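*Asks:* My structure is stored as target.csv, with CSV, C-alpha atoms and all ligand atoms.
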chain,number,residue,atom,x,y,z
A,1,MET,CA,11.7,180.4,99.8
A,2,HIS,CA,10.6,183.9,98.8
A,3,GLU,CA,8.5,184.0,102.0
A,4,ALA,CA,11.6,185.2,103.8
A,5,SER,CA,11.9,188.3,101.6
A,6,ILE,CA,8.2,188.9,101.8
A,7,CYS,CA,8.5,188.7,105.6
A,8,LYS,CA,11.4,191.2,105.6
A,9,SER,CA,9.2,193.6,103.7
A,10,LEU,CA,6.4,193.0,106.1
A,11,LEU,CA,8.6,193.7,109.1
A,12,GLU,CA,10.0,196.9,107.5
A,13,MET,CA,6.4,198.1,107.0
A,14,MET,CA,5.5,197.3,110.6
A,15,GLN,CA,8.5,199.2,111.8
A,16,LYS,CA,7.7,202.2,109.6
A,17,GLU,CA,4.1,202.2,110.9
A,18,LYS,CA,5.2,201.9,114.4
A,19,GLU,CA,7.6,204.8,114.2
A,20,ALA,CA,5.2,207.0,112.1
A,21,LYS,CA,2.3,206.5,114.4
A,22,ASN,CA,4.3,206.3,117.6
A,23,TYR,CA,2.9,203.0,118.7
A,24,SER,CA,4.7,201.5,121.7
A,25,LYS,CA,3.9,197.9,120.8
A,26,ILE,CA,2.3,195.8,118.0
A,27,TYR,CA,0.4,192.9,119.5
A,28,SER,CA,-0.7,191.4,116.2
A,29,VAL,CA,-0.6,192.0,112.5
A,30,THR,CA,-3.1,190.6,110.0
A,31,VAL,CA,-1.9,189.7,106.6
A,32,GLU,CA,-4.4,188.9,103.8
A,33,THR,CA,-3.1,186.6,101.1
A,34,GLY,CA,-5.0,185.8,97.9
A,35,GLU,CA,-5.8,182.1,97.4
A,36,LEU,CA,-3.9,182.1,94.1
A,37,GLN,CA,-0.9,184.1,95.3
A,38,LEU,CA,2.4,182.3,95.6
A,39,VAL,CA,2.6,182.4,99.4
A,40,VAL,CA,2.6,179.3,101.6
A,41,PRO,CA,1.1,180.4,104.9
A,42,GLU,CA,3.2,177.9,106.9
A,43,SER,CA,6.4,179.2,105.3
A,44,LEU,CA,5.5,182.8,106.0
A,45,ASP,CA,4.7,181.9,109.6
A,46,PHE,CA,8.0,180.1,109.9
A,47,ALA,CA,9.9,183.1,108.4
A,48,PHE,CA,8.1,185.4,110.8
A,49,GLN,CA,9.0,183.4,113.8
A,50,ALA,CA,12.6,183.1,112.7
A,51,LEU,CA,13.1,186.8,111.7
A,52,THR,CA,11.4,188.3,114.8
A,53,LYS,CA,13.3,186.3,117.3
A,54,ASP,CA,15.3,188.6,119.6
A,55,THR,CA,13.8,191.7,118.0
A,56,GLU,CA,11.2,194.2,119.1
A,57,PHE,CA,8.6,192.1,117.3
A,58,GLU,CA,9.2,188.9,119.1
A,59,GLY,CA,5.9,187.8,120.5
A,60,THR,CA,3.9,189.8,117.9
A,61,LYS,CA,1.2,187.5,116.5
A,62,LEU,CA,1.0,187.0,112.8
A,63,ILE,CA,-2.6,186.4,111.7
A,64,GLN,CA,-3.1,185.2,108.2
A,65,LYS,CA,-6.3,185.5,106.2
A,66,ILE,CA,-6.8,183.8,102.9
A,67,ILE,CA,-8.9,185.7,100.4
A,68,PRO,CA,-10.9,183.5,98.0
A,69,ALA,CA,-10.3,183.9,94.3
A,70,LYS,CA,-13.2,185.6,92.4
A,71,ALA,CA,-13.4,186.5,88.8
A,72,ILE,CA,-15.8,187.6,86.1
A,73,CYS,CA,-15.9,185.6,82.9
A,74,LYS,CA,-15.1,188.0,80.0
A,75,ASP,CA,-17.4,186.1,77.6
A,76,CYS,CA,-20.6,185.5,79.6
A,77,ARG,CA,-20.0,188.0,82.5
A,78,LEU,CA,-20.8,185.4,85.2
A,79,GLU,CA,-19.1,186.2,88.5
A,80,GLN,CA,-17.7,183.1,90.1
A,81,THR,CA,-15.0,181.7,92.4
A,82,ARG,CA,-11.9,180.1,90.7
A,83,ASP,CA,-9.8,177.2,92.1
A,84,SER,CA,-6.8,177.9,89.9
A,85,LEU,CA,-5.5,180.3,87.3
A,86,TYR,CA,-6.4,177.7,84.6
A,87,SER,CA,-9.9,176.7,85.6
A,88,GLU,CA,-12.7,177.3,83.0
A,89,CYS,CA,-15.9,179.3,83.3
A,90,LYS,CA,-18.5,177.3,85.2
A,91,ASN,CA,-21.1,178.6,82.8
A,92,CYS,CA,-19.6,178.8,79.3
A,93,GLY,CA,-16.2,177.1,79.5
A,94,SER,CA,-14.2,180.2,78.6
A,95,PHE,CA,-10.8,180.8,80.0
A,96,LYS,CA,-10.9,184.6,79.7
A,97,PHE,CA,-11.4,186.1,83.1
A,98,GLU,CA,-11.0,189.4,84.8
A,99,MET,CA,-9.7,188.6,88.3
A,100,LEU,CA,-11.5,190.4,91.1
A,101,SER,CA,-9.6,188.9,94.0
A,102,GLY,CA,-7.3,186.1,94.9
A,103,MET,CA,-3.9,187.7,94.1
A,104,GLU,CA,-3.6,190.0,97.2
A,105,LEU,CA,-0.6,190.2,99.5
A,106,GLN,CA,-1.3,193.0,102.0
A,107,ILE,CA,-1.4,194.0,105.6
A,108,SER,CA,-5.0,194.7,106.6
A,109,LYS,CA,-4.8,195.6,110.3
A,110,MET,CA,-2.8,195.6,113.4
A,111,GLU,CA,-3.5,195.5,117.1
A,112,VAL,CA,-1.3,198.1,118.7
A,113,GLU,CA,-0.6,199.9,121.9
A,114,GLN,CA,-0.9,203.6,121.5
A,115,ASN,CA,1.6,205.9,123.3
A,116,VAL,CA,-0.5,208.5,125.2
B,1,MET,CA,23.5,204.6,101.2
B,2,CYS,CA,21.7,205.0,98.0
B,3,ASN,CA,19.8,208.3,97.5
B,4,THR,CA,17.2,207.1,95.0
B,5,CYS,CA,16.1,204.0,96.9
B,6,GLY,CA,17.1,205.0,100.4
B,7,CYS,CA,18.8,201.7,101.1
B,8,GLY,CA,21.0,201.3,104.2
B,9,ASN,CA,19.9,198.0,105.4
B,10,THR,CA,17.2,198.3,107.9
B,11,THR,CA,18.0,196.7,111.2
B,12,PHE,CA,15.6,195.9,114.0
B,13,THR,CA,16.3,197.2,117.5
B,14,THR,CA,17.0,194.5,119.9
B,15,LYS,CA,14.3,193.9,122.5
B,16,HIS,CA,15.1,195.1,126.0
B,17,LYS,CA,14.8,192.6,128.7
B,18,HIS,CA,12.7,194.1,131.5
B,19,SER,CA,13.5,193.0,135.0
B,20,HIS,CA,10.3,194.4,136.5
B,21,SER,CA,7.2,192.4,136.0
B,22,HIS,CA,4.3,194.6,136.9
B,23,GLU,CA,1.6,195.2,134.2
B,24,HIS,CA,0.5,198.6,133.1
B,25,HIS,CA,-2.9,199.3,131.5
B,26,HIS,CA,-2.5,200.5,128.0
B,27,ASN,CA,-4.6,201.6,125.1
B,28,HIS,CA,-5.0,198.4,123.1
B,29,ASP,CA,-6.4,199.4,119.7
B,30,GLU,CA,-7.1,197.8,116.4
B,31,VAL,CA,-6.0,200.0,113.5
B,32,SER,CA,-6.6,199.3,109.8
B,33,VAL,CA,-3.5,199.6,107.7
B,34,GLU,CA,-4.2,198.3,104.1
B,35,GLN,CA,-0.8,198.3,102.6
B,36,LYS,CA,0.6,196.0,99.9
B,37,ILE,CA,3.5,194.1,101.4
B,38,LEU,CA,5.6,194.4,98.3
B,39,ASP,CA,5.1,198.1,98.0
B,40,PHE,CA,8.8,198.8,98.5
B,41,ASN,CA,9.7,196.6,95.6
B,42,ASP,CA,6.9,197.9,93.4
B,43,GLU,CA,7.7,201.5,94.0
B,44,LEU,CA,11.3,201.1,93.0
B,45,ALA,CA,10.2,199.0,90.1
B,46,HIS,CA,8.0,201.9,89.1
B,47,GLN,CA,11.0,204.3,89.2
B,48,ASN,CA,13.0,201.9,87.1
B,49,GLU,CA,10.1,201.8,84.6
B,50,HIS,CA,10.1,205.6,84.4
B,51,PHE,CA,13.8,205.6,83.8
B,52,PHE,CA,13.3,203.1,80.9
B,53,HIS,CA,10.5,205.2,79.5
B,54,ASP,CA,12.5,208.4,79.6
B,55,ASN,CA,15.5,206.8,78.1
B,56,LYS,CA,13.6,204.8,75.5
B,57,ILE,CA,14.9,201.4,76.8
B,58,PHE,CA,12.7,198.4,76.2
B,59,CYS,CA,13.2,196.2,79.2
B,60,LEU,CA,12.4,192.5,79.2
B,61,ASN,CA,12.4,190.1,82.2
B,62,LEU,CA,13.0,186.4,81.3
B,63,LEU,CA,11.5,183.8,83.6
B,64,SER,CA,12.0,180.0,83.4
B,65,SER,CA,13.2,176.9,85.3
B,66,PRO,CA,16.9,176.3,85.5
B,67,GLY,CA,18.4,175.1,82.2
B,68,SER,CA,15.6,175.9,79.8
B,69,GLY,CA,18.0,177.7,77.5
B,70,LYS,CA,17.8,181.4,78.5
B,71,THR,CA,21.5,182.1,78.2
B,72,THR,CA,21.8,180.1,75.0
B,73,LEU,CA,18.9,182.2,73.5
B,74,LEU,CA,20.7,185.4,74.5
B,75,GLU,CA,24.0,184.2,73.1
B,76,ALA,CA,22.4,183.4,69.8
B,77,THR,CA,20.4,186.7,69.9
B,78,LEU,CA,23.7,188.7,70.4
B,79,ARG,CA,25.4,186.6,67.7
B,80,GLU,CA,22.6,187.0,65.1
B,81,PHE,CA,21.4,190.6,65.7
B,82,GLY,CA,23.8,192.1,68.2
B,83,ASP,CA,25.1,194.4,65.5
B,84,GLN,CA,21.6,195.6,64.6
B,85,PHE,CA,20.2,196.3,68.1
B,86,LYS,CA,21.9,197.9,71.0
B,87,ILE,CA,21.3,195.4,73.8
B,88,GLY,CA,22.3,195.5,77.5
B,89,LEU,CA,22.1,192.4,79.6
B,90,VAL,CA,21.6,191.6,83.3
B,91,GLU,CA,22.3,188.0,84.3
B,92,GLY,CA,20.8,186.8,87.5
B,93,ASP,CA,22.0,183.6,89.2
B,94,GLN,CA,22.4,182.6,92.8
B,95,GLN,CA,26.1,182.0,92.4
B,96,THR,CA,28.9,182.3,89.7
B,97,ASP,CA,29.3,184.7,86.8
B,98,PHE,CA,29.4,181.8,84.3
B,99,ASP,CA,26.4,183.1,82.3
B,100,ALA,CA,27.8,186.7,82.1
B,101,GLN,CA,31.2,185.3,81.0
B,102,ARG,CA,29.4,183.3,78.2
B,103,LEU,CA,27.7,186.5,77.0
B,104,MET,CA,30.8,188.6,77.2
B,105,LYS,CA,32.1,186.8,74.2
B,106,TYR,CA,29.5,188.7,72.2
B,107,SER,CA,29.1,191.9,74.1
B,108,LYS,CA,30.8,194.2,76.6
B,109,ASN,CA,27.4,195.4,77.9
B,110,VAL,CA,26.7,192.6,80.4
B,111,THR,CA,26.5,192.6,84.2
B,112,GLN,CA,26.0,189.7,86.6
B,113,ILE,CA,24.0,189.8,89.8
B,114,ASN,CA,24.4,187.1,92.4
B,115,THR,CA,21.5,186.7,94.7
B,116,ASN,CA,23.3,184.2,96.9
B,117,ARG,CA,20.5,182.8,99.1
B,118,GLY,CA,17.8,184.7,97.2
B,119,CYS,CA,15.6,182.9,94.7
B,120,HIS,CA,14.7,186.0,92.6
B,121,LEU,CA,15.9,189.4,91.4
B,122,ASP,CA,14.2,192.5,92.8
B,123,SER,CA,13.8,196.1,91.6
B,124,HIS,CA,16.6,197.3,93.9
B,125,MET,CA,19.1,194.9,92.4
B,126,ILE,CA,18.2,196.1,88.9
B,127,HIS,CA,18.4,199.7,90.0
B,128,HIS,CA,22.0,199.2,91.0
B,129,ALA,CA,22.9,196.9,88.1
B,130,LEU,CA,22.2,199.8,85.8
B,131,GLU,CA,25.3,201.5,87.2
B,132,ASN,CA,27.4,198.8,85.6
B,133,LEU,CA,26.0,199.2,82.1
B,134,ASP,CA,26.5,201.6,79.2
B,135,LEU,CA,23.1,203.1,78.9
B,136,GLU,CA,23.9,205.5,76.1
B,137,ASN,CA,21.6,204.8,73.1
B,138,LEU,CA,20.6,201.5,74.6
B,139,GLU,CA,17.5,200.0,72.9
B,140,TYR,CA,17.0,196.8,74.8
B,141,LEU,CA,17.7,195.7,78.3
B,142,ILE,CA,17.2,192.0,78.7
B,143,VAL,CA,17.2,190.6,82.2
B,144,GLU,CA,17.8,186.9,82.7
B,145,ASN,CA,16.1,186.2,86.0
B,146,VAL,CA,17.2,183.4,88.4
B,147,GLY,CA,16.2,180.0,87.0
B,148,ASN,CA,13.0,179.4,89.0
B,149,LEU,CA,9.4,179.3,87.7
B,150,VAL,CA,7.9,180.4,91.1
B,151,CYS,CA,9.4,183.3,93.0
B,152,PRO,CA,10.6,185.7,90.2
B,153,SER,CA,7.1,186.2,88.9
B,154,MET,CA,6.1,188.0,92.1
B,155,PHE,CA,8.8,190.7,92.0
B,156,LYS,CA,8.4,193.4,89.4
B,157,LEU,CA,11.7,194.9,88.1
B,158,GLY,CA,10.4,197.7,86.0
B,159,GLU,CA,10.3,195.7,82.9
B,160,ALA,CA,7.9,196.5,80.0
B,161,LYS,CA,7.2,192.8,79.5
B,162,LYS,CA,7.8,189.4,81.1
B,163,ILE,CA,8.8,186.5,78.9
B,164,VAL,CA,8.4,182.9,80.1
B,165,ILE,CA,10.5,180.2,78.5
B,166,LEU,CA,9.7,176.5,78.6
B,167,SER,CA,12.0,174.0,76.9
B,168,VAL,CA,10.5,170.9,75.3
B,169,THR,CA,12.6,168.6,77.6
B,170,GLU,CA,10.6,169.9,80.6
B,171,GLY,CA,7.3,168.4,79.6
B,172,GLU,CA,4.1,170.1,78.3
B,173,ASP,CA,2.4,170.3,81.7
B,174,LYS,CA,4.5,173.1,83.2
B,175,PRO,CA,2.0,175.9,82.4
B,176,LEU,CA,-0.5,174.2,84.7
B,177,LYS,CA,2.0,173.3,87.3
B,178,TYR,CA,3.4,176.8,87.5
B,179,PRO,CA,0.6,179.0,86.3
B,180,ASN,CA,1.6,182.2,87.9
B,181,ALA,CA,4.7,182.7,85.8
B,182,PHE,CA,2.6,182.2,82.7
B,183,PHE,CA,-0.2,184.4,83.9
B,184,GLU,CA,2.2,187.3,84.4
B,185,SER,CA,4.0,186.9,81.0
B,186,GLU,CA,3.0,188.3,77.6
B,187,LEU,CA,5.2,186.1,75.5
B,188,ALA,CA,5.8,182.3,76.0
B,189,ILE,CA,8.8,180.8,74.2
B,190,ILE,CA,8.9,177.1,73.7
B,191,SER,CA,12.6,176.4,73.3
B,192,LYS,CA,14.9,173.6,72.1
B,193,ILE,CA,12.5,172.5,69.4
B,194,ASP,CA,15.4,170.8,67.5
B,195,LEU,CA,15.0,168.1,70.2
B,196,LEU,CA,11.3,167.4,69.4
B,197,PRO,CA,12.0,164.3,67.2
B,198,TYR,CA,13.5,162.6,70.2
B,199,LEU,CA,10.8,163.4,72.7
B,200,ASP,CA,7.1,162.7,73.3
B,201,PHE,CA,6.5,166.4,73.9
B,202,ASP,CA,3.0,167.3,72.6
B,203,VAL,CA,3.3,170.9,71.2
B,204,GLU,CA,-0.5,171.3,70.7
B,205,LYS,CA,-1.2,170.2,74.2
B,206,CYS,CA,1.4,172.6,75.6
B,207,ILE,CA,-0.1,175.5,73.7
B,208,GLY,CA,-3.5,174.5,74.9
B,209,TYR,CA,-2.3,174.6,78.5
B,210,ILE,CA,-0.6,177.9,78.0
B,211,LYS,CA,-3.9,179.4,76.6
B,212,GLN,CA,-5.8,178.0,79.5
B,213,VAL,CA,-3.8,180.2,81.8
B,214,LYS,CA,-3.5,183.1,79.4
B,215,PRO,CA,-5.8,183.0,76.3
B,216,GLU,CA,-4.2,186.0,74.7
B,217,MET,CA,-0.5,184.8,75.1
B,218,LYS,CA,1.8,185.2,72.1
B,219,ILE,CA,3.7,182.0,71.6
B,220,ILE,CA,7.0,181.5,69.7
B,221,LEU,CA,8.6,178.1,69.1
B,222,LEU,CA,12.3,178.2,68.5
B,223,SER,CA,15.7,176.5,68.7
B,224,SER,CA,18.9,178.4,69.6
B,225,LYS,CA,20.8,175.6,67.9
B,226,THR,CA,19.2,175.5,64.5
B,227,LEU,CA,17.9,179.1,64.7
B,228,GLU,CA,14.4,177.9,63.6
B,229,GLY,CA,11.9,180.5,64.9
B,230,PHE,CA,14.5,183.3,65.2
B,231,ASP,CA,12.8,185.4,62.4
B,232,GLU,CA,9.7,185.4,64.5
B,233,TRP,CA,11.7,186.2,67.7
B,234,LYS,CA,13.4,189.1,65.9
B,235,ASN,CA,10.1,190.5,64.6
B,236,TRP,CA,8.6,190.3,68.1
B,237,LEU,CA,11.6,192.3,69.5
B,238,ILE,CA,11.2,195.0,66.8
B,239,GLU,CA,7.4,195.3,66.9
B,240,GLU,CA,7.1,195.2,70.6
B,241,LYS,CA,9.8,197.8,71.0
B,242,GLU,CA,8.0,200.0,68.5
B,243,SER,CA,4.7,199.8,70.4
B,244,PHE,CA,6.6,200.4,73.7
B,245,LEU,CA,8.1,203.6,72.2
B,246,SER,CA,4.9,205.0,70.8
B,247,GLU,CA,3.2,204.3,74.2
B,248,ALA,CA,6.1,206.0,76.0
B,249,MET,CA,5.7,209.0,73.7
B,250,HIS,CA,2.0,209.3,74.7
B,251,HIS,CA,2.5,208.5,78.3
B,252,HIS,CA,2.6,211.5,80.6
B,253,HIS,CA,2.7,211.4,84.4
C,301,LIG,N1,19.5,171.1,71.7
C,301,LIG,C1,19.4,172.3,72.2
C,301,LIG,N2,20.0,172.5,73.4
C,301,LIG,C2,19.9,173.7,73.9
C,301,LIG,C3,19.1,174.8,73.3
C,301,LIG,N3,19.2,175.9,74.1
C,301,LIG,C4,19.9,175.5,75.2
C,301,LIG,N4,20.4,174.2,75.1
C,301,LIG,C5,21.2,173.5,76.1
C,301,LIG,O1,20.5,173.5,77.3
C,301,LIG,C6,21.5,173.6,78.4
C,301,LIG,C7,21.1,174.8,79.3
C,301,LIG,O2,21.1,176.0,78.6
C,301,LIG,P1,21.3,177.4,79.2
C,301,LIG,O3,21.2,178.4,78.1
C,301,LIG,O4,22.5,177.4,80.1
C,301,LIG,O5,20.0,177.5,80.2
C,301,LIG,P2,19.6,178.6,81.2
C,301,LIG,O6,18.1,178.7,81.2
C,301,LIG,O7,20.4,179.9,81.0
C,301,LIG,O8,20.1,178.0,82.6
C,301,LIG,P3,20.2,178.7,84.1
C,301,LIG,O9,20.7,180.1,83.8
C,301,LIG,O10,21.2,177.8,84.8
C,301,LIG,O11,18.8,178.7,84.6
C,301,LIG,C8,22.8,173.8,77.7
C,301,LIG,O12,23.5,172.6,77.7
C,301,LIG,C9,22.5,174.3,76.3
C,301,LIG,O13,23.4,173.9,75.4
C,301,LIG,C10,18.5,174.5,72.0
C,301,LIG,O14,17.8,175.3,71.4
C,301,LIG,N5,18.7,173.2,71.6
C,302,MG,MG,21.5,181.1,82.3
C,303,ZN,ZN,-18.4,182.3,80.9
Would it be possible to restate this file's structure as structure tokens?
*Replies:*
Amino acid sequence: MHEASICKSLLEMMQKEKEAKNYSKIYSVTVETGELQLVVPESLDFAFQALTKDTEFEGTKLIQKIIPAKAICKDCRLEQTRDSLYSECKNCGSFKFEMLSGMELQISKMEVEQNV
Amino acid sequence: MCNTCGCGNTTFTTKHKHSHSHEHHHNHDEVSVEQKILDFNDELAHQNEHFFHDNKIFCLNLLSSPGSGKTTLLEATLREFGDQFKIGLVEGDQQTDFDAQRLMKYSKNVTQINTNRGCHLDSHMIHHALENLDLENLEYLIVENVGNLVCPSMFKLGEAKKIVILSVTEGEDKPLKYPNAFFESELAIISKIDLLPYLDFDVEKCIGYIKQVKPEMKIILLSSKTLEGFDEWKNWLIEEKESFLSEAMHHHH
């Protein structure tokens, strides 16, 4: 449900970038979402289609990339992937982690048409 | 139009329908952007946070599923220590001002936000809710977020701490089913413990699940009906506000 407000923020950012850099068109936007972040790719895609209809961004492609969750165990220092926020250390069984990735929600790149 | 947040609802220009169909050759480039999508919310949350620091207001953001006892906890808090602490309240619900009405029996310093179709509060709503509160000598600002264990945990409001509430009638497995809300919070309240004799709720198991998501979580068990656990809740409010204030004193930007 919150994918709609996330999508609105995304579109606001695209519009700001477009104006600031004077792009005439955005062909695609790549969004990176952490594996453990609360975003459902299908819902974001649906919101994007619905909110761009009949706007300057209709036809812009939304490309979603999922970033795997990685963390360092605070007890044994082993770096590892995590399947959930409650999974234990694969080496020592600890639940104390420093998250390195997996919680992102960001634009990474866009394919644009530059005004010359 | 708001000066601080620059709001004035962004609208997207309507696409022009071109009648001509010839194709131009354009510069088709890939540019890297690297921007957090919730930057707009986070920046305004940061401004709210500064405001709270500067005015020595300890702000708390309450997260839970619908009906876990947030408003009842706040009613009892106002009733029991409302004369000792100066508390302001923001009530977030999709619709109605029922919760604000309940709290107004105990305090005038309450404001309601209706999110309508929205499933969470955001920093912009809080920024404007402050206009409806008496901030003079305010010590605590407690925000009751929309009853929802998912979305609200993603949107910072400018709070010093998030508190997650789980009532014993919901079952002990919620920390694993909705880990993000627990991961983001610093205090977990297990509420309605007066009902424990009637349920199969396993307190130890629940605490274990919470610590799986957040090993350092502070946990308080309480009942807003019998007031069991309220001493601990009061101490937490006092101690955490103290450490917030000493941090605010040494915090320079
Ligand atoms: N027995 C018992 N019932 C409680 C307690 N706290 C709340 N309740 C009851 O639980 C129900 C829901 O309580 P609320 O305080 O309205 O819950 P809420 O989290 O504010 O609900 P929403 O704002 O709708 O999400 C009410 O019927 C309360 O009387 C408690 O400590 N013990
Ligand atoms: Mg309520
Ligand atoms: Zn380990």
*Asks:* Pull out every residue of chain A that has at least one atom within 8 Å of chain B, counting all atoms listed in the file, and report them as JSON, numbers by chain.
*Replies:* {"A": [1, 2, 6, 9, 10, 12, 13, 38, 54, 55, 56, 57, 58, 85, 86, 87, 88, 95, 96, 104, 105, 106, 107, 108, 109, 110, 111, 112, 113, 114, 115]}
*Asks:* Counting all atoms listed in the file, which protein, DNA or RNA residues come within 9 Å of ligand LIG 301 (chain C), given as a PDB file with C-alpha atoms, in the coordinates of the input?
*Replies:*
ATOM      1  CA  LEU B  63      11.500 183.800  83.600  1.00  0.00           C
ATOM      2  CA  SER B  64      12.000 180.000  83.400  1.00  0.00           C
ATOM      3  CA  SER B  65      13.200 176.900  85.300  1.00  0.00           C
ATOM      4  CA  PRO B  66      16.900 176.300  85.500  1.00  0.00           C
ATOM      5  CA  GLY B  67      18.400 175.100  82.200  1.00  0.00           C
ATOM      6  CA  SER B  68      15.600 175.900  79.800  1.00  0.00           C
ATOM      7  CA  GLY B  69      18.000 177.700  77.500  1.00  0.00           C
ATOM      8  CA  LYS B  70      17.800 181.400  78.500  1.00  0.00           C
ATOM      9  CA  THR B  71      21.500 182.100  78.200  1.00  0.00           C
ATOM     10  CA  THR B  72      21.800 180.100  75.000  1.00  0.00           C
ATOM     11  CA  LEU B  73      18.900 182.200  73.500  1.00  0.00           C
ATOM     12  CA  LEU B  74      20.700 185.400  74.500  1.00  0.00           C
ATOM     13  CA  GLU B  75      24.000 184.200  73.100  1.00  0.00           C
ATOM     14  CA  GLU B  91      22.300 188.000  84.300  1.00  0.00           C
ATOM     15  CA  GLY B  92      20.800 186.800  87.500  1.00  0.00           C
ATOM     16  CA  ASP B  93      22.000 183.600  89.200  1.00  0.00           C
ATOM     17  CA  PHE B  98      29.400 181.800  84.300  1.00  0.00           C
ATOM     18  CA  ASP B  99      26.400 183.100  82.300  1.00  0.00           C
ATOM     19  CA  GLU B 144      17.800 186.900  82.700  1.00  0.00           C
ATOM     20  CA  ASN B 145      16.100 186.200  86.000  1.00  0.00           C
ATOM     21  CA  VAL B 146      17.200 183.400  88.400  1.00  0.00           C
ATOM     22  CA  GLY B 147      16.200 180.000  87.000  1.00  0.00           C
ATOM     23  CA  ASN B 148      13.000 179.400  89.000  1.00  0.00           C
ATOM     24  CA  ILE B 165      10.500 180.200  78.500  1.00  0.00           C
ATOM     25  CA  SER B 167      12.000 174.000  76.900  1.00  0.00           C
ATOM     26  CA  SER B 191      12.600 176.400  73.300  1.00  0.00           C
ATOM     27  CA  LYS B 192      14.900 173.600  72.100  1.00  0.00           C
ATOM     28  CA  ILE B 193      12.500 172.500  69.400  1.00  0.00           C
ATOM     29  CA  ASP B 194      15.400 170.800  67.500  1.00  0.00           C
ATOM     30  CA  LEU B 195      15.000 168.100  70.200  1.00  0.00           C
ATOM     31  CA  LEU B 222      12.300 178.200  68.500  1.00  0.00           C
ATOM     32  CA  SER B 223      15.700 176.500  68.700  1.00  0.00           C
ATOM     33  CA  SER B 224      18.900 178.400  69.600  1.00  0.00           C
ATOM     34  CA  LYS B 225      20.800 175.600  67.900  1.00  0.00           C
ATOM     35  CA  THR B 226      19.200 175.500  64.500  1.00  0.00           C
ATOM     36  CA  LEU B 227      17.900 179.100  64.700  1.00  0.00           C
ATOM     37  CA  GLU B 228      14.400 177.900  63.600  1.00  0.00           C
TER      38      GLU B 228
END
*Asks:* Please compute the CA of Leu100 in chain A-CA of Glu42 in chain A distance, one decimal, in Å.
*Replies:*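 Result for CA of Leu100 in chain A versus CA of Glu42 in chain A: 24.9 Å, one decimal.
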*Asks:* Report as a ChimeraX atom specification which protein, DNA and RNA residues come within 8 Å of ligand ZN 303 (chain C), using all atoms listed in the file.
*Replies:* /A:72-78,88-96
*Asks:* Do you have the CA of Leu157 in chain B-CA of Asn48 in chain B distance handy?
*Replies:*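 For CA of Leu157 in chain B relative to CA of Asn48 in chain B, the distance reads 7.2 Å.
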*Asks:* Please write as a list in words the list of polymer residues whose atoms come within 8 Å of (-16.6, 185.9, 93.8), counting all atoms listed in the file and keeping to the coordinates of the file.
*Replies:* Pro68, Ala69, Lys70, Ala71, Ile72, Glu79, Gln80, Thr81, Leu100 and Ser101 of chain A
*Asks:* To one decimal place, how far is CA of Ser84 in chain A from CA of Glu159 in chain B in Å?
*Replies:* 25.7 Å
*Asks:* Do a neighbour search on Val110 in chain B at 12 Å with all atoms listed in the file, toss out local chain neighbours closer than 6 positions, and write the hits as an MDAnalysis selection string.
*Replies:* chainID B and resid 71 74:75 78 86:92 97:104 129:135 140:144
*Asks:* Grab the residues selected above and save them as a PDB file, keeping the file's coordinate frame with C-alpha atoms.
*Replies:*
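Output contents, as saved in part-v5.pdb:
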ATOM      1  CA  THR B  71      21.500 182.100  78.200  1.00  0.00           C
ATOM      2  CA  LEU B  74      20.700 185.400  74.500  1.00  0.00           C
ATOM      3  CA  GLU B  75      24.000 184.200  73.100  1.00  0.00           C
ATOM      4  CA  LEU B  78      23.700 188.700  70.400  1.00  0.00           C
ATOM      5  CA  LYS B  86      21.900 197.900  71.000  1.00  0.00           C
ATOM      6  CA  ILE B  87      21.300 195.400  73.800  1.00  0.00           C
ATOM      7  CA  GLY B  88      22.300 195.500  77.500  1.00  0.00           C
ATOM      8  CA  LEU B  89      22.100 192.400  79.600  1.00  0.00           C
ATOM      9  CA  VAL B  90      21.600 191.600  83.300  1.00  0.00           C
ATOM     10  CA  GLU B  91      22.300 188.000  84.300  1.00  0.00           C
ATOM     11  CA  GLY B  92      20.800 186.800  87.500  1.00  0.00           C
ATOM     12  CA  ASP B  97      29.300 184.700  86.800  1.00  0.00           C
ATOM     13  CA  PHE B  98      29.400 181.800  84.300  1.00  0.00           C
ATOM     14  CA  ASP B  99      26.400 183.100  82.300  1.00  0.00           C
ATOM     15  CA  ALA B 100      27.800 186.700  82.100  1.00  0.00           C
ATOM     16  CA  GLN B 101      31.200 185.300  81.000  1.00  0.00           C
ATOM     17  CA  ARG B 102      29.400 183.300  78.200  1.00  0.00           C
ATOM     18  CA  LEU B 103      27.700 186.500  77.000  1.00  0.00           C
ATOM     19  CA  MET B 104      30.800 188.600  77.200  1.00  0.00           C
ATOM     20  CA  ALA B 129      22.900 196.900  88.100  1.00  0.00           C
ATOM     21  CA  LEU B 130      22.200 199.800  85.800  1.00  0.00           C
ATOM     22  CA  GLU B 131      25.300 201.500  87.200  1.00  0.00           C
ATOM     23  CA  ASN B 132      27.400 198.800  85.600  1.00  0.00           C
ATOM     24  CA  LEU B 133      26.000 199.200  82.100  1.00  0.00           C
ATOM     25  CA  ASP B 134      26.500 201.600  79.200  1.00  0.00           C
ATOM     26  CA  LEU B 135      23.100 203.100  78.900  1.00  0.00           C
ATOM     27  CA  TYR B 140      17.000 196.800  74.800  1.00  0.00           C
ATOM     28  CA  LEU B 141      17.700 195.700  78.300  1.00  0.00           C
ATOM     29  CA  ILE B 142      17.200 192.000  78.700  1.00  0.00           C
ATOM     30  CA  VAL B 143      17.200 190.600  82.200  1.00  0.00           C
ATOM     31  CA  GLU B 144      17.800 186.900  82.700  1.00  0.00           C
TER      32      GLU B 144
END
